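What follows is the content of final_11.pdb, which has PDB, C-alpha atoms:
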ATOM      1  CA  MET A   5     -22.116 -21.508 -23.615  1.00  0.00           C
ATOM      2  CA  GLU A   6     -20.871 -21.512 -27.154  1.00  0.00           C
ATOM      3  CA  ILE A   7     -18.560 -19.153 -29.009  1.00  0.00           C
ATOM      4  CA  VAL A   8     -18.379 -19.380 -32.784  1.00  0.00           C
ATOM      5  CA  VAL A   9     -15.665 -17.768 -34.872  1.00  0.00           C
ATOM      6  CA  ILE A  10     -16.637 -17.545 -38.522  1.00  0.00           C
ATOM      7  CA  GLY A  11     -13.812 -17.181 -40.992  1.00  0.00           C
ATOM      8  CA  VAL A  12     -11.994 -18.607 -43.947  1.00  0.00           C
ATOM      9  CA  GLU A  13     -10.203 -21.952 -44.178  1.00  0.00           C
ATOM     10  CA  PRO A  14      -7.296 -22.080 -43.979  1.00  0.00           C
ATOM     11  CA  PRO A  15      -7.620 -19.225 -41.504  1.00  0.00           C
ATOM     12  CA  CYS A  16      -6.164 -15.828 -42.291  1.00  0.00           C
ATOM     13  CA  ILE A  17      -4.169 -14.136 -39.533  1.00  0.00           C
ATOM     14  CA  ARG A  18      -7.219 -12.164 -38.401  1.00  0.00           C
ATOM     15  CA  CYS A  19      -9.462 -15.242 -38.114  1.00  0.00           C
ATOM     16  CA  HIS A  20      -6.654 -17.243 -36.494  1.00  0.00           C
ATOM     17  CA  THR A  21      -6.035 -14.549 -33.887  1.00  0.00           C
ATOM     18  CA  THR A  22      -9.741 -14.150 -33.098  1.00  0.00           C
ATOM     19  CA  PHE A  23     -10.126 -17.913 -32.554  1.00  0.00           C
ATOM     20  CA  LYS A  24      -6.950 -18.112 -30.479  1.00  0.00           C
ATOM     21  CA  ARG A  25      -7.991 -15.206 -28.264  1.00  0.00           C
ATOM     22  CA  ALA A  26     -11.446 -16.690 -27.724  1.00  0.00           C
ATOM     23  CA  LYS A  27      -9.893 -20.035 -26.685  1.00  0.00           C
ATOM     24  CA  GLU A  28      -7.460 -18.294 -24.306  1.00  0.00           C
ATOM     25  CA  VAL A  29     -10.151 -16.161 -22.669  1.00  0.00           C
ATOM     26  CA  THR A  30     -12.471 -19.122 -22.057  1.00  0.00           C
ATOM     27  CA  GLN A  31      -9.727 -20.741 -19.961  1.00  0.00           C
ATOM     28  CA  GLN A  32     -10.286 -17.993 -17.370  1.00  0.00           C
ATOM     29  CA  PHE A  33     -13.791 -19.280 -16.604  1.00  0.00           C
ATOM     30  CA  PRO A  34     -14.721 -22.401 -14.633  1.00  0.00           C
ATOM     31  CA  GLN A  35     -17.806 -22.964 -16.804  1.00  0.00           C
ATOM     32  CA  LYS A  36     -17.614 -25.119 -19.898  1.00  0.00           C
ATOM     33  CA  ILE A  37     -17.421 -22.818 -22.888  1.00  0.00           C
ATOM     34  CA  GLU A  38     -17.138 -24.399 -26.308  1.00  0.00           C
ATOM     35  CA  VAL A  39     -15.215 -22.436 -28.937  1.00  0.00           C
ATOM     36  CA  LYS A  40     -15.592 -23.612 -32.492  1.00  0.00           C
ATOM     37  CA  LYS A  41     -14.616 -22.522 -35.981  1.00  0.00           C
ATOM     38  CA  VAL A  42     -17.169 -22.213 -38.728  1.00  0.00           C
ATOM     39  CA  THR A  43     -16.203 -21.645 -42.338  1.00  0.00           C
ATOM     40  CA  ILE A  44     -17.851 -18.976 -44.492  1.00  0.00           C
ATOM     41  CA  HIS A  45     -20.324 -20.109 -47.167  1.00  0.00           C
ATOM     42  CA  THR A  46     -21.712 -22.898 -44.959  1.00  0.00           C
ATOM     43  CA  LYS A  47     -25.262 -23.287 -43.666  1.00  0.00           C
ATOM     44  CA  GLU A  48     -24.037 -22.773 -40.129  1.00  0.00           C
ATOM     45  CA  ALA A  49     -22.330 -19.482 -41.010  1.00  0.00           C
ATOM     46  CA  GLU A  50     -25.395 -18.299 -42.910  1.00  0.00           C
ATOM     47  CA  LYS A  51     -27.510 -18.602 -39.732  1.00  0.00           C
ATOM     48  CA  TYR A  52     -25.887 -15.354 -38.576  1.00  0.00           C
ATOM     49  CA  GLY A  53     -26.128 -13.378 -41.802  1.00  0.00           C
ATOM     50  CA  ASN A  54     -24.392 -12.918 -45.123  1.00  0.00           C
ATOM     51  CA  VAL A  55     -20.789 -13.621 -44.083  1.00  0.00           C
ATOM     52  CA  GLU A  56     -17.988 -12.880 -46.508  1.00  0.00           C
ATOM     53  CA  ALA A  57     -14.207 -12.521 -46.432  1.00  0.00           C
ATOM     54  CA  GLY A  58     -12.441  -9.344 -47.478  1.00  0.00           C
ATOM     55  CA  HIS A  59     -11.570 -10.628 -50.950  1.00  0.00           C
ATOM     56  CA  GLY A  60     -15.182 -11.562 -51.675  1.00  0.00           C
ATOM     57  CA  ILE A  61     -16.322  -8.100 -50.616  1.00  0.00           C
ATOM     58  CA  GLU A  62     -13.574  -6.534 -52.734  1.00  0.00           C
ATOM     59  CA  VAL A  63     -14.929  -8.352 -55.776  1.00  0.00           C
ATOM     60  CA  ALA A  64     -18.641  -7.863 -54.993  1.00  0.00           C
ATOM     61  CA  GLY A  65     -18.213  -4.177 -54.225  1.00  0.00           C
ATOM     62  CA  ASN A  66     -15.480  -3.383 -56.745  1.00  0.00           C
ATOM     63  CA  VAL A  67     -13.290  -1.961 -53.956  1.00  0.00           C
ATOM     64  CA  LYS A  68      -9.580  -1.349 -54.419  1.00  0.00           C
ATOM     65  CA  PRO A  69      -7.747  -1.399 -51.061  1.00  0.00           C
ATOM     66  CA  ASP A  70      -3.993  -0.866 -50.812  1.00  0.00           C
ATOM     67  CA  ILE A  71      -3.049  -4.468 -51.651  1.00  0.00           C
ATOM     68  CA  GLU A  72       0.717  -3.912 -51.418  1.00  0.00           C
ATOM     69  CA  SER A  73       0.404  -2.456 -47.926  1.00  0.00           C
ATOM     70  CA  MET A  74      -1.859  -5.335 -46.895  1.00  0.00           C
ATOM     71  CA  LYS A  75       0.537  -7.965 -48.280  1.00  0.00           C
ATOM     72  CA  LYS A  76       3.424  -6.385 -46.382  1.00  0.00           C
ATOM     73  CA  LEU A  77       1.467  -6.314 -43.102  1.00  0.00           C
ATOM     74  CA  ILE A  78       0.218  -9.879 -43.538  1.00  0.00           C
ATOM     75  CA  GLY A  79       3.779 -11.024 -44.214  1.00  0.00           C
ATOM     76  CA  GLU A  80       4.995  -9.316 -41.051  1.00  0.00           C
ATOM     77  CA  LEU A  81       2.146 -10.845 -39.072  1.00  0.00           C
ATOM     78  CA  GLU A  82       2.927 -14.336 -40.343  1.00  0.00           C
ATOM     79  CA  ILE A  83       6.530 -13.936 -39.150  1.00  0.00           C
ATOM     80  CA  LEU A  84       5.429 -12.582 -35.759  1.00  0.00           C
ATOM     81  CA  LYS A  85       2.916 -15.443 -35.395  1.00  0.00           C
ATOM     82  CA  ALA A  86       5.836 -17.885 -35.066  1.00  0.00           C
ATOM     83  CA  ASN A  87       6.241 -16.650 -31.468  1.00  0.00           C
ATOM     84  CA  GLU A  88       2.800 -15.269 -30.641  1.00  0.00           C
ATOM     85  CA  VAL A  89       3.281 -15.027 -26.887  1.00  0.00           C
ATOM     86  CA  LYS A  90       6.478 -12.997 -27.138  1.00  0.00           C
ATOM     87  CA  ASN A  91       5.189 -10.869 -30.023  1.00  0.00           C
ATOM     88  CA  GLU A  92       1.642 -10.219 -28.779  1.00  0.00           C
ATOM     89  CA  LYS A  93       2.010  -6.405 -28.589  1.00  0.00           C
ATOM     90  CA  LEU A  94       3.667  -6.215 -32.001  1.00  0.00           C
ATOM     91  CA  ILE A  95       0.921  -8.406 -33.447  1.00  0.00           C
ATOM     92  CA  ASP A  96      -1.722  -6.085 -31.978  1.00  0.00           C
ATOM     93  CA  ALA A  97      -0.007  -3.049 -33.506  1.00  0.00           C
ATOM     94  CA  ARG A  98       0.243  -4.671 -36.946  1.00  0.00           C
ATOM     95  CA  LEU A  99      -3.367  -5.851 -36.759  1.00  0.00           C
ATOM     96  CA  LYS A 100      -4.443  -2.240 -36.130  1.00  0.00           C
ATOM     97  CA  ASP A 101      -2.450  -1.174 -39.187  1.00  0.00           C
ATOM     98  CA  LEU A 102      -4.132  -3.929 -41.193  1.00  0.00           C
ATOM     99  CA  GLU A 103      -7.567  -2.767 -40.007  1.00  0.00           C
ATOM    100  CA  LYS A 104      -6.759   0.715 -41.359  1.00  0.00           C
ATOM    101  CA  ALA A 105      -5.683  -0.748 -44.701  1.00  0.00           C
ATOM    102  CA  LEU A 106      -8.934  -2.727 -44.836  1.00  0.00           C
ATOM    103  CA  ALA A 107     -11.119   0.328 -44.071  1.00  0.00           C
ATOM    104  CA  PRO A 108     -12.496   0.717 -47.635  1.00  0.00           C
ATOM    105  CA  VAL A 109     -13.443  -2.966 -47.736  1.00  0.00           C
ATOM    106  CA  LYS A 110     -15.064  -2.798 -44.302  1.00  0.00           C
ATOM    107  CA  GLU A 111     -17.098   0.245 -45.342  1.00  0.00           C
ATOM    108  CA  LYS A 112     -18.242  -1.518 -48.518  1.00  0.00           C
ATOM    109  CA  ALA A 113     -19.193  -4.626 -46.502  1.00  0.00           C
ATOM    110  CA  LYS A 114     -21.519  -2.554 -44.309  1.00  0.00           C
ATOM    111  CA  GLU A 115     -22.947  -0.798 -47.356  1.00  0.00           C
ATOM    112  CA  LEU A 116     -23.682  -4.146 -49.057  1.00  0.00           C
ATOM    113  CA  GLY A 117     -25.034  -5.805 -45.890  1.00  0.00           C
ATOM    114  CA  PHE A 118     -22.184  -8.303 -45.395  1.00  0.00           C
ATOM    115  CA  LEU A 119     -20.754  -9.500 -42.101  1.00  0.00           C
ATOM    116  CA  MET A 120     -17.038  -9.361 -42.875  1.00  0.00           C
ATOM    117  CA  THR A 121     -14.743 -11.951 -41.345  1.00  0.00           C
ATOM    118  CA  PRO A 122     -13.706 -12.573 -38.675  1.00  0.00           C
ATOM    119  CA  VAL A 123     -17.158 -12.806 -37.093  1.00  0.00           C
ATOM    120  CA  LEU A 124     -17.399 -13.694 -33.401  1.00  0.00           C
ATOM    121  CA  VAL A 125     -20.702 -15.029 -32.060  1.00  0.00           C
ATOM    122  CA  VAL A 126     -21.473 -15.626 -28.387  1.00  0.00           C
ATOM    123  CA  ASN A 127     -24.539 -17.752 -27.604  1.00  0.00           C
ATOM    124  CA  GLY A 128     -26.062 -17.061 -30.993  1.00  0.00           C
ATOM    125  CA  GLN A 129     -25.477 -13.294 -30.949  1.00  0.00           C
ATOM    126  CA  VAL A 130     -23.010 -11.614 -33.294  1.00  0.00           C
ATOM    127  CA  LYS A 131     -20.693  -9.605 -31.048  1.00  0.00           C
ATOM    128  CA  SER A 132     -18.064  -8.516 -33.549  1.00  0.00           C
ATOM    129  CA  MET A 133     -17.332  -8.540 -37.241  1.00  0.00           C
ATOM    130  CA  ASP A 134     -14.642  -7.180 -39.544  1.00  0.00           C
ATOM    131  CA  TYR A 135     -11.958  -6.799 -36.870  1.00  0.00           C
ATOM    132  CA  VAL A 136     -10.024  -8.820 -34.302  1.00  0.00           C
ATOM    133  CA  PRO A 137     -11.601  -8.200 -30.899  1.00  0.00           C
ATOM    134  CA  SER A 138      -9.372  -7.758 -27.873  1.00  0.00           C
ATOM    135  CA  LYS A 139      -9.228 -10.349 -25.121  1.00  0.00           C
ATOM    136  CA  GLU A 140     -10.880  -7.788 -22.827  1.00  0.00           C
ATOM    137  CA  GLU A 141     -13.836  -7.411 -25.209  1.00  0.00           C
ATOM    138  CA  ILE A 142     -14.283 -11.165 -25.498  1.00  0.00           C
ATOM    139  CA  LYS A 143     -14.106 -11.575 -21.717  1.00  0.00           C
ATOM    140  CA  ALA A 144     -16.717  -8.845 -21.193  1.00  0.00           C
ATOM    141  CA  TRP A 145     -19.106 -10.480 -23.695  1.00  0.00           C
ATOM    142  CA  ILE A 146     -18.744 -13.824 -21.911  1.00  0.00           C
ATOM    143  CA  GLU A 147     -19.327 -12.230 -18.510  1.00  0.00           C
ATOM    144  CA  ILE A 148     -22.508 -10.561 -19.772  1.00  0.00           C
ATOM    145  CA  GLU A 149     -23.788 -13.860 -21.184  1.00  0.00           C
ATOM    146  CA  LEU A 150     -23.001 -15.706 -17.950  1.00  0.00           C
ATOM    147  CA  LYS A 151     -25.090 -13.196 -15.989  1.00  0.00           C
ATOM    148  CA  ASN A 152     -28.111 -13.765 -18.264  1.00  0.00           C
TER     149      ASN A 152
END

Using structure tokens, write down the structure that the file contains.
Amino acid sequence: MEIVVIGVEPPCIRCHTTFKRAKEVTQQFPQKIEVKKVTIHTKEAEKYGNVEAGHGIEVAGNVKPDIESMKKLIGELEILKANEVKNEKLIDARLKDLEKALAPVKEKAKELGFLMTPVLVVNGQVKSMDYVPSKEEIKAWIEIELKN
């Protein structure tokens, strides 16, 4: 089984967290599950669709999200990331706030036909895009694939 997380390099906090969660969840299974990062604008990323980061969608769609709010949240998340295990619940709360701030960009991405990062793919199927999936979601997707 293979899990692919498509994002930017260096990874933003959302892409980083998605990759980290996928790696952690795979440790719960005895089967070999490869988790790999793929960067946007590569042939491998393009196999799954037109993948773009938030900034690229902002520019392409002429969207104006609340940049100051986003910068503040990203700054807080970077500080919390220093001790991810201890701060996991706070990180989740701030990520939800960031998702709300990104709502106009996410809507524009869907309108323009983009898969917005982070994109999580399990065995060739896009399972999530434009948000950080929970560990429970990732585990459920793996369990479904293992049954098939």

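For the file at hand, the PyMOL selection byres ((chain A and resi 139) around 12) resolves to Thr21, Thr22, Phe23, Lys24, Arg25, Ala26, Lys27, Glu28, Val29, Thr30, Gln31, Gln32, Glu92, Asp96, Val136, Pro137, Ser138, Glu140, Glu141, Ile142, Lys143, Ala144, Trp145 and Ile146 of chain A.
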
For the selection you just gave me, I'd like the residues written to a file as a CSV table (one decimal), keeping the file's coordinate frame, keeping C-alpha atoms.
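Once written, result02.csv looks like this:
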chain,number,residue,atom,x,y,z
A,21,THR,CA,-6.0,-14.5,-33.9
A,22,THR,CA,-9.7,-14.2,-33.1
A,23,PHE,CA,-10.1,-17.9,-32.6
A,24,LYS,CA,-7.0,-18.1,-30.5
A,25,ARG,CA,-8.0,-15.2,-28.3
A,26,ALA,CA,-11.4,-16.7,-27.7
A,27,LYS,CA,-9.9,-20.0,-26.7
A,28,GLU,CA,-7.5,-18.3,-24.3
A,29,VAL,CA,-10.2,-16.2,-22.7
A,30,THR,CA,-12.5,-19.1,-22.1
A,31,GLN,CA,-9.7,-20.7,-20.0
A,32,GLN,CA,-10.3,-18.0,-17.4
A,92,GLU,CA,1.6,-10.2,-28.8
A,96,ASP,CA,-1.7,-6.1,-32.0
A,136,VAL,CA,-10.0,-8.8,-34.3
A,137,PRO,CA,-11.6,-8.2,-30.9
A,138,SER,CA,-9.4,-7.8,-27.9
A,140,GLU,CA,-10.9,-7.8,-22.8
A,141,GLU,CA,-13.8,-7.4,-25.2
A,142,ILE,CA,-14.3,-11.2,-25.5
A,143,LYS,CA,-14.1,-11.6,-21.7
A,144,ALA,CA,-16.7,-8.8,-21.2
A,145,TRP,CA,-19.1,-10.5,-23.7
A,146,ILE,CA,-18.7,-13.8,-21.9

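Across A:Ala57, A:Tyr52, A:Gly79, A:Met74, the tightest approach to Asp134 of chain A is made by A:Ala57 when counting all atoms listed in the file.
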
### Contacts of Glu13 of chain A at 10 Å (only C-alpha atoms; same-chain gap of 4+ positions) as a PyMOL selection string
chain A and resi 19-20+41-44

### Distance query segment 100-117 of chain A at most 8 Å, only C-alpha atoms, self and fewer than 2 positions along chain excluded, as number ranges by chain
A: 54, 58, 61-62, 65, 67-70, 73-74, 77-78, 96-98, 119-120, 134-135

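Taking atom CA of Val89 of chain A and atom CA of Ile17 of chain A as endpoints, the distance between them is 14.7 Å.
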
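Applied to the file shown here, the PyMOL selection byres ((chain A and resi 122) around 6) selects Ile10, Gly11, Cys19, Thr121, Val123, Met133 and Asp134 of chain A.
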
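A straight line drawn from atom CA of Lys40 of chain A to atom CA of Val126 of chain A is 10.7 Å long.
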
Quick test: take segment 10-149 of chain A, keep C-alpha atoms, and write it as a PDB file, in the first residue's frame.
ATOM      1  CA  ILE A  10       1.166  16.183  -2.166  1.00  0.00           C
ATOM      2  CA  GLY A  11       2.260  19.585  -0.966  1.00  0.00           C
ATOM      3  CA  VAL A  12       4.771  22.361  -1.199  1.00  0.00           C
ATOM      4  CA  GLU A  13       8.494  22.194  -0.444  1.00  0.00           C
ATOM      5  CA  PRO A  14       9.530  23.228   2.080  1.00  0.00           C
ATOM      6  CA  PRO A  15       6.289  21.974   3.599  1.00  0.00           C
ATOM      7  CA  CYS A  16       3.795  24.400   5.073  1.00  0.00           C
ATOM      8  CA  ILE A  17       2.334  23.509   8.467  1.00  0.00           C
ATOM      9  CA  ARG A  18      -0.719  21.919   6.846  1.00  0.00           C
ATOM     10  CA  CYS A  19       1.322  19.683   4.518  1.00  0.00           C
ATOM     11  CA  HIS A  20       3.765  18.850   7.320  1.00  0.00           C
ATOM     12  CA  THR A  21       0.957  17.835   9.670  1.00  0.00           C
ATOM     13  CA  THR A  22      -0.791  15.724   7.025  1.00  0.00           C
ATOM     14  CA  PHE A  23       2.443  13.836   6.261  1.00  0.00           C
ATOM     15  CA  LYS A  24       3.253  13.385   9.945  1.00  0.00           C
ATOM     16  CA  ARG A  25      -0.218  12.060  10.739  1.00  0.00           C
ATOM     17  CA  ALA A  26      -0.097   9.631   7.821  1.00  0.00           C
ATOM     18  CA  LYS A  27       3.290   8.297   9.019  1.00  0.00           C
ATOM     19  CA  GLU A  28       2.005   7.927  12.599  1.00  0.00           C
ATOM     20  CA  VAL A  29      -1.180   6.122  11.566  1.00  0.00           C
ATOM     21  CA  THR A  30       0.662   3.619   9.360  1.00  0.00           C
ATOM     22  CA  GLN A  31       2.635   2.488  12.421  1.00  0.00           C
ATOM     23  CA  GLN A  32      -0.607   1.001  13.781  1.00  0.00           C
ATOM     24  CA  PHE A  33      -0.730  -1.573  10.973  1.00  0.00           C
ATOM     25  CA  PRO A  34       1.443  -4.675  10.593  1.00  0.00           C
ATOM     26  CA  GLN A  35       1.385  -4.363   6.793  1.00  0.00           C
ATOM     27  CA  LYS A  36       4.062  -2.410   4.981  1.00  0.00           C
ATOM     28  CA  ILE A  37       2.608   0.956   4.071  1.00  0.00           C
ATOM     29  CA  GLU A  38       4.851   3.414   2.281  1.00  0.00           C
ATOM     30  CA  VAL A  39       4.206   7.102   2.944  1.00  0.00           C
ATOM     31  CA  LYS A  40       5.885   9.528   0.608  1.00  0.00           C
ATOM     32  CA  LYS A  41       5.907  13.239  -0.126  1.00  0.00           C
ATOM     33  CA  VAL A  42       5.338  14.557  -3.604  1.00  0.00           C
ATOM     34  CA  THR A  43       5.861  18.189  -4.507  1.00  0.00           C
ATOM     35  CA  ILE A  44       3.293  20.191  -6.476  1.00  0.00           C
ATOM     36  CA  HIS A  45       4.064  20.996 -10.124  1.00  0.00           C
ATOM     37  CA  THR A  46       5.733  17.612 -10.707  1.00  0.00           C
ATOM     38  CA  LYS A  47       4.660  14.878 -13.116  1.00  0.00           C
ATOM     39  CA  GLU A  48       3.874  12.607 -10.201  1.00  0.00           C
ATOM     40  CA  ALA A  49       1.580  15.185  -8.583  1.00  0.00           C
ATOM     41  CA  GLU A  50      -0.137  15.866 -11.899  1.00  0.00           C
ATOM     42  CA  LYS A  51      -1.197  12.193 -12.131  1.00  0.00           C
ATOM     43  CA  TYR A  52      -3.891  13.012  -9.564  1.00  0.00           C
ATOM     44  CA  GLY A  53      -5.141  16.280 -11.022  1.00  0.00           C
ATOM     45  CA  ASN A  54      -4.322  19.963 -11.151  1.00  0.00           C
ATOM     46  CA  VAL A  55      -2.697  20.395  -7.725  1.00  0.00           C
ATOM     47  CA  GLU A  56      -1.966  23.876  -6.451  1.00  0.00           C
ATOM     48  CA  ALA A  57      -1.067  25.550  -3.162  1.00  0.00           C
ATOM     49  CA  GLY A  58      -3.204  28.252  -1.600  1.00  0.00           C
ATOM     50  CA  HIS A  59      -1.030  31.104  -2.865  1.00  0.00           C
ATOM     51  CA  GLY A  60      -1.212  29.854  -6.449  1.00  0.00           C
ATOM     52  CA  ILE A  61      -4.995  29.644  -6.217  1.00  0.00           C
ATOM     53  CA  GLU A  62      -5.106  33.124  -4.676  1.00  0.00           C
ATOM     54  CA  VAL A  63      -3.260  34.484  -7.699  1.00  0.00           C
ATOM     55  CA  ALA A  64      -5.092  32.404 -10.335  1.00  0.00           C
ATOM     56  CA  GLY A  65      -8.506  33.185  -8.886  1.00  0.00           C
ATOM     57  CA  ASN A  66      -7.828  36.735  -7.708  1.00  0.00           C
ATOM     58  CA  VAL A  67      -8.982  35.809  -4.185  1.00  0.00           C
ATOM     59  CA  LYS A  68      -8.231  37.990  -1.180  1.00  0.00           C
ATOM     60  CA  PRO A  69      -8.260  35.939   2.050  1.00  0.00           C
ATOM     61  CA  ASP A  70      -7.565  37.515   5.438  1.00  0.00           C
ATOM     62  CA  ILE A  71      -3.763  37.410   5.124  1.00  0.00           C
ATOM     63  CA  GLU A  72      -3.081  39.011   8.518  1.00  0.00           C
ATOM     64  CA  SER A  73      -5.234  36.438  10.296  1.00  0.00           C
ATOM     65  CA  MET A  74      -3.533  33.636   8.364  1.00  0.00           C
ATOM     66  CA  LYS A  75      -0.038  34.937   9.182  1.00  0.00           C
ATOM     67  CA  LYS A  76      -0.928  35.111  12.871  1.00  0.00           C
ATOM     68  CA  LEU A  77      -2.301  31.547  12.894  1.00  0.00           C
ATOM     69  CA  ILE A  78       0.664  30.178  10.945  1.00  0.00           C
ATOM     70  CA  GLY A  79       3.029  31.882  13.384  1.00  0.00           C
ATOM     71  CA  GLU A  80       1.215  30.323  16.331  1.00  0.00           C
ATOM     72  CA  LEU A  81       1.286  26.930  14.641  1.00  0.00           C
ATOM     73  CA  GLU A  82       5.019  27.155  13.994  1.00  0.00           C
ATOM     74  CA  ILE A  83       5.597  27.829  17.706  1.00  0.00           C
ATOM     75  CA  LEU A  84       3.299  24.969  18.748  1.00  0.00           C
ATOM     76  CA  LYS A  85       5.036  22.626  16.274  1.00  0.00           C
ATOM     77  CA  ALA A  86       8.184  22.776  18.434  1.00  0.00           C
ATOM     78  CA  ASN A  87       6.451  20.346  20.828  1.00  0.00           C
ATOM     79  CA  GLU A  88       3.876  18.646  18.610  1.00  0.00           C
ATOM     80  CA  VAL A  89       3.052  15.784  20.958  1.00  0.00           C
ATOM     81  CA  LYS A  90       2.284  18.045  23.909  1.00  0.00           C
ATOM     82  CA  ASN A  91       0.480  20.631  21.770  1.00  0.00           C
ATOM     83  CA  GLU A  92      -1.539  18.290  19.536  1.00  0.00           C
ATOM     84  CA  LYS A  93      -4.974  19.572  20.666  1.00  0.00           C
ATOM     85  CA  LEU A  94      -3.913  23.207  20.373  1.00  0.00           C
ATOM     86  CA  ILE A  95      -2.505  22.508  16.915  1.00  0.00           C
ATOM     87  CA  ASP A  96      -5.814  20.927  15.873  1.00  0.00           C
ATOM     88  CA  ALA A  97      -7.739  23.966  17.121  1.00  0.00           C
ATOM     89  CA  ARG A  98      -5.465  26.412  15.286  1.00  0.00           C
ATOM     90  CA  LEU A  99      -5.605  24.314  12.117  1.00  0.00           C
ATOM     91  CA  LYS A 100      -9.416  24.543  12.214  1.00  0.00           C
ATOM     92  CA  ASP A 101      -9.125  28.318  12.551  1.00  0.00           C
ATOM     93  CA  LEU A 102      -6.732  28.354   9.598  1.00  0.00           C
ATOM     94  CA  GLU A 103      -9.175  26.282   7.527  1.00  0.00           C
ATOM     95  CA  LYS A 104     -11.847  28.934   8.184  1.00  0.00           C
ATOM     96  CA  ALA A 105      -9.467  31.706   7.124  1.00  0.00           C
ATOM     97  CA  LEU A 106      -8.685  29.762   3.943  1.00  0.00           C
ATOM     98  CA  ALA A 107     -12.377  29.215   3.071  1.00  0.00           C
ATOM     99  CA  PRO A 108     -12.469  31.748   0.185  1.00  0.00           C
ATOM    100  CA  VAL A 109      -9.364  30.187  -1.363  1.00  0.00           C
ATOM    101  CA  LYS A 110     -10.748  26.670  -0.960  1.00  0.00           C
ATOM    102  CA  GLU A 111     -14.014  27.697  -2.621  1.00  0.00           C
ATOM    103  CA  LYS A 112     -12.122  29.280  -5.523  1.00  0.00           C
ATOM    104  CA  ALA A 113      -9.977  26.135  -5.896  1.00  0.00           C
ATOM    105  CA  LYS A 114     -13.098  23.999  -6.352  1.00  0.00           C
ATOM    106  CA  GLU A 115     -14.571  26.536  -8.760  1.00  0.00           C
ATOM    107  CA  LEU A 116     -11.382  26.521 -10.874  1.00  0.00           C
ATOM    108  CA  GLY A 117     -10.938  22.728 -10.728  1.00  0.00           C
ATOM    109  CA  PHE A 118      -7.795  22.689  -8.552  1.00  0.00           C
ATOM    110  CA  LEU A 119      -6.886  20.135  -5.912  1.00  0.00           C
ATOM    111  CA  MET A 120      -5.634  22.419  -3.149  1.00  0.00           C
ATOM    112  CA  THR A 121      -2.799  21.244  -0.935  1.00  0.00           C
ATOM    113  CA  PRO A 122      -2.424  19.239   1.169  1.00  0.00           C
ATOM    114  CA  VAL A 123      -3.666  16.357  -0.982  1.00  0.00           C
ATOM    115  CA  LEU A 124      -3.673  12.858   0.511  1.00  0.00           C
ATOM    116  CA  VAL A 125      -3.800   9.871  -1.845  1.00  0.00           C
ATOM    117  CA  VAL A 126      -4.248   6.259  -0.752  1.00  0.00           C
ATOM    118  CA  ASN A 127      -3.456   3.575  -3.342  1.00  0.00           C
ATOM    119  CA  GLY A 128      -3.909   6.000  -6.205  1.00  0.00           C
ATOM    120  CA  GLN A 129      -7.200   7.481  -4.975  1.00  0.00           C
ATOM    121  CA  VAL A 130      -7.462  11.069  -3.763  1.00  0.00           C
ATOM    122  CA  LYS A 131      -9.005  10.852  -0.297  1.00  0.00           C
ATOM    123  CA  SER A 132      -8.637  14.441   0.860  1.00  0.00           C
ATOM    124  CA  MET A 133      -7.627  17.843  -0.393  1.00  0.00           C
ATOM    125  CA  ASP A 134      -7.530  21.383   0.966  1.00  0.00           C
ATOM    126  CA  TYR A 135      -7.537  20.415   4.648  1.00  0.00           C
ATOM    127  CA  VAL A 136      -5.556  18.407   7.190  1.00  0.00           C
ATOM    128  CA  PRO A 137      -7.335  15.087   7.700  1.00  0.00           C
ATOM    129  CA  SER A 138      -7.621  13.650  11.189  1.00  0.00           C
ATOM    130  CA  LYS A 139      -5.740  10.530  12.208  1.00  0.00           C
ATOM    131  CA  GLU A 140      -9.111   8.762  12.463  1.00  0.00           C
ATOM    132  CA  GLU A 141      -9.951   9.624   8.843  1.00  0.00           C
ATOM    133  CA  ILE A 142      -6.577   8.410   7.608  1.00  0.00           C
ATOM    134  CA  LYS A 143      -6.906   5.176   9.589  1.00  0.00           C
ATOM    135  CA  ALA A 144     -10.389   4.540   8.174  1.00  0.00           C
ATOM    136  CA  TRP A 145      -9.163   5.067   4.588  1.00  0.00           C
ATOM    137  CA  ILE A 146      -6.320   2.599   5.159  1.00  0.00           C
ATOM    138  CA  GLU A 147      -8.670   0.033   6.689  1.00  0.00           C
ATOM    139  CA  ILE A 148     -11.002   0.294   3.691  1.00  0.00           C
ATOM    140  CA  GLU A 149      -8.096  -0.180   1.273  1.00  0.00           C
TER     141      GLU A 149
END
